[in-house]
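coords27.cif, holding mmCIF, C-alpha atoms:
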data_protein
loop_
_atom_site.label_atom_id
_atom_site.label_comp_id
_atom_site.auth_asym_id
_atom_site.auth_seq_id
_atom_site.Cartn_x
_atom_site.Cartn_y
_atom_site.Cartn_z
CA MET U 1 91.15 88.97 123.03
CA PRO U 2 88.17 86.55 122.70
CA ARG U 3 84.96 88.09 121.44
CA SER U 4 83.11 87.16 124.63
CA LEU U 5 85.59 89.17 126.71
CA VAL U 6 85.30 92.14 124.35
CA SER U 7 81.53 92.12 124.75
CA ALA U 8 81.87 92.11 128.53
CA LEU U 9 83.91 95.32 128.65
CA PRO U 10 82.17 98.60 129.58
CA LEU U 11 81.16 100.78 126.66
CA GLU U 12 83.35 103.69 127.85
CA LEU U 13 86.41 101.43 127.96
CA LEU U 14 85.70 100.03 124.52
CA LEU U 15 85.40 103.56 123.15
CA ARG U 16 88.74 104.56 124.70
CA ILE U 17 90.43 101.46 123.29
CA ALA U 18 88.97 101.94 119.82
CA SER U 19 89.93 105.62 119.72
CA ASN U 20 93.63 104.68 120.02
CA LEU U 21 93.67 101.99 117.35
CA ASP U 22 95.33 102.46 113.97
CA PHE U 23 93.30 101.75 110.85
CA SER U 24 94.19 98.06 110.53
CA ASP U 25 93.22 97.29 114.14
CA LEU U 26 90.13 99.50 113.96
CA TRP U 27 89.02 97.70 110.80
CA SER U 28 89.34 94.36 112.60
CA PHE U 29 87.61 95.82 115.66
CA ALA U 30 84.66 96.84 113.47
CA HIS U 31 84.17 93.22 112.45
CA THR U 32 84.22 91.78 115.99
CA ASN U 33 80.54 92.11 116.94
CA ARG U 34 77.65 94.54 116.60
CA SER U 35 78.58 96.64 119.62
CA CYS U 36 82.16 97.07 118.40
CA GLN U 37 80.95 97.78 114.89
CA LYS U 38 78.72 100.59 116.15
CA LEU U 39 81.63 102.21 117.98
CA ALA U 40 84.04 101.63 115.11
CA ARG U 41 81.68 103.28 112.63
CA GLN U 42 81.82 106.54 114.58
CA ILE U 43 85.61 106.48 114.90
CA LEU U 44 86.18 105.44 111.29
CA TRP U 45 84.17 108.47 110.19
CA ARG U 46 85.84 110.87 112.62
CA LYS U 47 89.44 109.77 112.00
CA HIS U 48 89.33 108.41 108.44
CA ARG U 49 86.21 109.98 106.88
CA LEU U 50 84.97 106.47 106.13
CA ASP U 51 81.23 105.71 106.21
CA LEU U 52 80.77 101.92 106.34
CA ASP U 53 77.09 102.25 105.38
CA SER U 54 77.89 103.90 102.06
CA ILE U 55 80.59 101.60 100.62
CA ASP U 56 79.92 98.75 98.19
CA THR U 57 81.51 95.29 98.10
CA PHE U 58 84.44 96.35 95.93
CA GLU U 59 85.19 99.39 98.08
CA HIS U 60 85.08 97.13 101.15
CA LEU U 61 87.73 94.96 99.46
CA ILE U 62 90.00 97.97 98.88
CA HIS U 63 89.69 99.15 102.49
CA SER U 64 90.45 95.61 103.66
CA ALA U 65 93.54 95.64 101.47
CA MET U 66 94.61 98.96 103.00
CA ALA U 67 94.17 97.50 106.49
CA TYR U 68 96.33 94.52 105.47
CA VAL U 69 99.04 96.83 104.09
CA CYS U 70 98.88 99.00 107.21
CA ARG U 71 99.43 95.96 109.43
CA TYR U 72 102.06 94.01 107.49
CA GLY U 73 103.92 96.79 105.66
CA THR U 74 106.16 96.11 102.68
CA ASP U 75 105.73 92.33 102.92
CA ALA U 76 102.07 92.80 101.97
CA LEU U 77 102.56 95.03 98.92
CA GLU U 78 103.15 92.48 96.16
CA PRO U 79 100.37 90.04 97.13
CA VAL U 80 97.93 92.94 97.63
CA ALA U 81 98.82 94.46 94.23
CA ASP U 82 98.29 91.09 92.53
CA ARG U 83 95.01 90.48 94.37
CA LEU U 84 93.67 93.92 93.46
CA ALA U 85 94.68 93.54 89.81
CA PHE U 86 92.93 90.17 89.50
CA SER U 87 89.88 91.45 91.41
CA ILE U 88 89.56 94.39 89.00
CA TYR U 89 90.04 92.08 86.03
CA GLY U 90 87.47 89.61 87.36
CA ALA U 91 84.87 92.36 87.84
CA THR U 92 85.39 93.79 84.34
CA PRO U 93 83.27 92.47 81.41
CA HIS U 94 85.01 91.16 78.29
CA PHE U 95 83.16 93.59 76.01
CA HIS U 96 83.11 97.37 76.55
CA TRP U 97 85.52 96.86 79.42
CA GLU U 98 87.04 100.36 79.54
CA PRO U 99 84.18 102.12 81.45
CA SER U 100 84.15 99.33 84.03
CA LEU U 101 87.94 99.41 84.40
CA ARG U 102 87.84 103.19 84.76
CA ASN U 103 85.16 102.98 87.46
CA LEU U 104 86.94 100.27 89.49
CA LEU U 105 90.33 101.90 89.17
CA ASP U 106 88.82 105.25 90.14
CA LYS U 107 87.48 103.70 93.36
CA SER U 108 90.82 102.01 94.05
CA ILE U 109 92.96 105.13 93.61
CA ARG U 110 90.45 107.33 95.45
CA ILE U 111 90.49 105.06 98.48
CA MET U 112 94.28 104.63 98.45
CA LEU U 113 94.89 108.39 98.41
CA ASP U 114 92.25 108.90 101.10
CA HIS U 115 94.30 106.59 103.31
CA VAL U 116 97.46 108.57 102.56
CA VAL U 117 95.77 111.67 103.98
CA HIS U 118 93.79 110.19 106.86
CA ASP U 119 95.88 107.26 108.15
CA LYS U 120 98.39 108.67 110.61
CA GLU U 121 100.49 107.01 113.27
CA LYS U 122 102.06 108.41 116.41
CA ASP U 123 105.37 108.99 114.62
CA ASP U 124 103.67 110.95 111.82
CA THR U 125 103.82 114.23 113.73
CA ASP U 126 105.33 116.63 111.21
CA ALA U 127 105.36 117.34 107.49
CA ARG U 128 107.29 114.19 106.53
CA ILE U 129 105.64 111.67 104.22
CA SER U 130 103.69 109.26 106.42
CA ARG U 131 104.40 105.54 106.66
CA MET U 132 101.12 104.86 104.85
CA GLY U 133 102.03 107.38 102.16
CA GLN U 134 105.32 105.60 101.51
CA LEU U 135 103.60 102.20 101.42
CA ILE U 136 100.89 103.32 99.02
CA SER U 137 103.39 104.97 96.67
CA GLU U 138 105.16 101.59 96.50
CA LEU U 139 101.83 99.77 96.11
CA LEU U 140 100.86 101.97 93.15
CA ALA U 141 104.23 101.19 91.58
CA LEU U 142 103.37 97.47 91.79
CA LEU U 143 99.69 97.75 90.86
CA TYR U 144 100.25 99.36 87.44
CA PRO U 145 102.44 96.55 85.96
CA ALA U 146 100.10 93.95 87.49
CA LEU U 147 97.10 95.58 85.78
CA THR U 148 99.00 95.89 82.50
CA ALA U 149 99.85 92.19 82.66
CA VAL U 150 96.30 90.94 83.25
CA PHE U 151 94.65 93.33 80.77
CA ASP U 152 97.49 93.03 78.25
CA THR U 153 97.12 96.63 77.07
CA HIS U 154 98.88 99.93 77.70
CA ILE U 155 95.53 101.77 77.77
CA VAL U 156 95.65 100.97 81.47
CA ARG U 157 98.52 103.43 81.90
CA ASP U 158 96.52 106.36 80.48
CA ILE U 159 93.49 105.59 82.64
CA HIS U 160 95.69 105.04 85.71
CA HIS U 161 97.53 108.34 85.14
CA ARG U 162 94.42 110.49 84.56
CA LEU U 163 92.68 109.16 87.65
CA LEU U 164 95.79 109.56 89.79
CA ILE U 165 96.14 113.23 88.82
CA THR U 166 92.41 113.82 89.40
CA HIS U 167 92.57 112.51 92.96
CA ILE U 168 95.85 114.29 93.72
CA ASP U 169 94.20 117.55 92.67
CA ARG U 170 91.12 116.72 94.79
CA HIS U 171 93.19 116.31 97.95
CA ILE U 172 95.36 119.33 97.22
CA ARG U 173 92.27 121.54 96.89
CA HIS U 174 90.85 120.18 100.13
CA LEU U 175 94.12 120.75 102.02
CA LEU U 176 94.26 124.35 100.78
CA ILE U 177 90.97 125.20 102.53
CA HIS U 178 91.63 127.62 105.40
CA ASP U 179 88.52 127.22 107.57
CA ARG U 180 89.75 124.24 109.58
CA ASP U 181 90.26 124.03 113.33
CA ASN U 182 93.94 123.09 113.37
CA GLN U 183 95.75 125.21 110.79
CA GLN U 184 99.21 123.89 111.64
CA GLN U 185 98.02 120.31 111.22
CA ARG U 186 96.49 121.23 107.86
CA ARG U 187 99.79 122.73 106.71
CA ASP U 188 101.72 119.67 107.86
CA ASP U 189 99.22 117.40 106.09
CA PHE U 190 99.59 119.49 102.92
CA ARG U 191 103.38 119.22 102.89
CA ALA U 192 103.27 115.51 103.74
CA PHE U 193 100.91 114.94 100.82
CA VAL U 194 103.12 117.01 98.50
CA ARG U 195 106.07 114.83 99.49
CA PHE U 196 103.95 111.79 98.70
CA VAL U 197 103.41 113.30 95.24
CA GLY U 198 107.20 113.69 95.06
CA THR U 199 107.62 109.94 95.54
CA LEU U 200 105.16 109.38 92.68
CA LEU U 201 107.31 111.69 90.56
CA GLN U 202 110.39 109.63 91.30
CA ASN U 203 108.46 106.48 90.32
CA GLU U 204 107.49 108.30 87.09
CA PHE U 205 103.73 108.08 87.74
CA VAL U 206 103.60 111.88 87.83
CA THR U 207 105.35 113.98 85.17
CA ILE U 208 106.95 117.41 85.34
CA ILE U 209 104.06 118.74 83.22
CA ASP U 210 101.60 117.40 85.80
CA LEU U 211 103.52 119.24 88.51
CA GLN U 212 103.52 122.42 86.48
CA VAL U 213 99.73 122.32 86.13
CA LEU U 214 99.20 121.48 89.81
CA ALA U 215 101.63 124.15 91.03
CA GLU U 216 100.02 126.83 88.86
CA GLN U 217 96.65 125.88 90.35
CA TRP U 218 98.04 126.31 93.89
CA ILE U 219 99.39 129.75 93.01
CA ALA U 220 96.17 130.75 91.24
CA HIS U 221 94.17 129.63 94.26
CA LEU U 222 96.19 131.98 96.46
CA GLN U 223 95.90 134.88 94.01
CA GLN U 224 92.10 134.54 93.84
CA GLN U 225 91.67 134.87 97.59
CA SER U 226 90.71 138.27 98.92
CA LEU U 227 93.23 139.90 101.26
CA SER U 228 90.34 141.05 103.42
CA SER U 229 89.08 137.48 103.98
CA ILE U 230 92.28 136.16 105.58
CA PRO U 231 94.46 137.79 108.26
CA PRO U 232 97.75 139.15 106.83
CA GLU U 233 99.90 136.82 108.93
CA GLN U 234 97.99 133.79 107.70
CA LYS U 235 98.15 135.02 104.10
CA ILE U 236 101.94 135.13 104.34
CA LYS U 237 102.04 131.67 105.90
CA GLU U 238 99.92 130.30 103.07
CA ALA U 239 102.22 131.83 100.46
CA GLU U 240 105.26 130.44 102.27
CA LEU U 241 103.58 127.04 102.48
CA ARG U 242 103.20 126.88 98.71
CA SER U 243 106.80 128.00 98.24
CA MET U 244 108.05 125.25 100.55
CA ALA U 245 105.82 122.73 98.76
CA LEU U 246 107.33 123.72 95.43
CA LEU U 247 110.82 123.30 96.89
CA ASP U 248 109.85 119.84 98.15
CA LEU U 249 108.80 118.93 94.62
CA LEU U 250 111.99 120.47 93.23
CA ARG U 251 114.02 118.13 95.44
CA ALA U 252 112.03 115.21 94.01
CA VAL U 253 112.76 116.44 90.48
CA VAL U 254 116.48 116.60 91.26
CA CYS U 255 116.46 113.06 92.66
CA ARG U 256 114.64 111.67 89.64
CA GLN U 257 116.45 113.58 86.96
CA GLN U 258 120.00 112.58 87.79
CA GLY U 259 121.47 110.99 84.69
CA GLN U 260 118.44 111.59 82.44
CA LEU U 261 119.01 113.33 79.12
CA HIS U 262 115.87 115.48 79.28
CA SER U 263 116.57 116.70 82.80
CA ALA U 264 117.81 120.17 81.76
CA LYS U 265 114.55 121.03 80.01
CA GLU U 266 112.41 119.78 82.90
CA MET U 267 114.57 121.50 85.50
CA HIS U 268 114.19 124.76 83.59
CA THR U 269 110.40 124.35 83.58
CA PHE U 270 110.32 123.79 87.31
CA ALA U 271 112.80 126.60 88.00
CA CYS U 272 110.34 128.96 86.33
CA LEU U 273 107.63 127.74 88.70
CA VAL U 274 109.86 128.35 91.71
CA LYS U 275 110.57 131.91 90.51
CA GLN U 276 106.85 132.48 90.03
CA SER U 277 106.13 131.20 93.53
CA VAL U 278 108.76 133.48 95.07
CA SER U 279 107.31 136.45 93.15
CA ILE U 280 103.86 135.64 94.51
CA LEU U 281 105.25 135.41 98.04
CA ILE U 282 106.95 138.81 97.73
CA SER U 283 103.85 140.43 96.25
CA PHE U 284 101.64 139.20 99.10
CA LYS U 285 104.14 140.34 101.72
CA THR U 286 104.17 143.75 100.06
CA ALA U 287 100.38 143.87 99.85
CA THR U 288 99.89 142.95 103.50
CA ASN U 289 102.31 145.70 104.59
CA ILE U 290 100.13 148.36 102.97
CA SER U 291 97.97 150.12 105.51
CA PRO U 292 94.14 149.98 105.09
CA GLN U 293 93.97 153.78 104.62
CA SER U 294 96.27 153.79 101.59
#

Since I need it in another form, could you write the structure as structure tokens?
Amino acid sequence: MPRSLVSALPLELLLRIASNLDFSDLWSFAHTNRSCQKLARQILWRKHRLDLDSIDTFEHLIHSAMAYVCRYGTDALEPVADRLAFSIYGATPHFHWEPSLRNLLDKSIRIMLDHVVHDKEKDDTDARISRMGQLISELLALLYPALTAVFDTHIVRDIHHRLLITHIDRHIRHLLIHDRDNQQQRRDDFRAFVRFVGTLLQNEFVTIIDLQVLAEQWIAHLQQQSLSSIPPEQKIKEAELRSMALLDLLRAVVCRQQGQLHSAKEMHTFACLVKQSVSILISFKTATNISPQS
């Protein structure tokens, strides 16, 4: 639609149109004219937690790349990975380059995982991994070798791994917060994100030790919560949610470990986590069945 026609539309109609756009179309809509940008800013914040006034030039580039991936799918992954790798390399000084690389890669991974959580399509209605989650897991698999090639060092892998785990933990903690309007949506988002982590496991960007640490944090988070602060039925649902999440990750472990020599040791480690999760679930069910007078 020509920009002149867009400007002629009533504000209410523009708002209704913009509210139904996916991220790639909304991003383009925000760059149409000032009126559209004003509307898009509100919707980008409400749907994607993105404040256009607070992002810098590099962050704008990453969001543009996410819009491109959202629109063109798998065909966009390789060129986007190469473009991001060269953009990071070009913005990094030749001397004392590690802090700059860490900062730029931190922004890149943070924004990518934000889009995994917030970018949803009409078909993403349950706890399955979203289309954007699948695309970004594949993009991360392409970005790491591209970065390693341009920087010509394996230090990139350590930085990439630490930042990835940091931002996974950040989103997990946020999705475990109970005081949200739509609890069922939060649970579905949590499981969808866990399944995204499972795809990272299969691509070997997340290790079984990483999963062990993350899973223990989920369980500890549940144990620290007061039974009086959450209704018993919800407490049980939260315990069951973590158990199902652990089973989702166990499936990912099984898929990855087929034919690998160290699979028995890793499977044993994760089996212990599953047993621990089940024990926690049983203990909370028992605790919530105790009457307040006892």

Item to complete: Identify, on the basis of only C-alpha atoms, every residue whose closest approach to Asp158 (chain U) does not exceed 12 Å; exclude the query and any residue fewer than 5 positions from it along the same chain; express the result as a PyMOL selection string.
Response: chain U and resi 98+101-102+105+144+148+153+163-165+205-206

Practice prompt. I would like the residues chosen by the PyMOL selection byres ((chain U and resi 127-139) around 7) on the shown file; could you give them as a PyMOL selection string?
Written response: chain U and resi 70+73-74+77+81+112+116+119-120+124+126+140-143+188-189+191-193+195-196+199-200

Item to complete: Identify all residues satisfying the PyMOL selection byres ((chain U and resi 171) around 9) in the given file; provide them as a list in words.
Response: Leu113, Asp114, Val117, Thr166, His167, Ile168, Asp169, Arg170, Ile172, Arg173, His174, Leu175, Leu176, Phe190 and Phe193 of chain U

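The nearest approach to Ala252 (chain U) among the residues U:Ala146, U:Val194, U:Leu84, U:Ile17, with all atoms listed in the file taken into account, belongs to U:Val194.
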
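Here the question is which of U:Leu147, U:Ala76, U:Ile62, U:Ala40 gets nearest to Thr92 (chain U) using all atoms listed in the file, and that residue is U:Leu147.
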
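You will find CA of Asp248 (chain U) at 15.2 Å from CA of Glu216 (chain U).
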
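Proximity of U:Leu21, U:Asp75, U:Val197, U:Glu233 to Ala245 (chain U), computed with all atoms listed in the file, is greatest for U:Val197.
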
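Across the model, the gap from CA of Val254 (chain U) to CA of Asp210 (chain U) is 15.9 Å.
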
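With distances taken over all atoms listed in the file, U:His115 is the one residue among U:Arg110, U:Arg49, U:His115, U:Arg83 lying closest to Ser24 (chain U).
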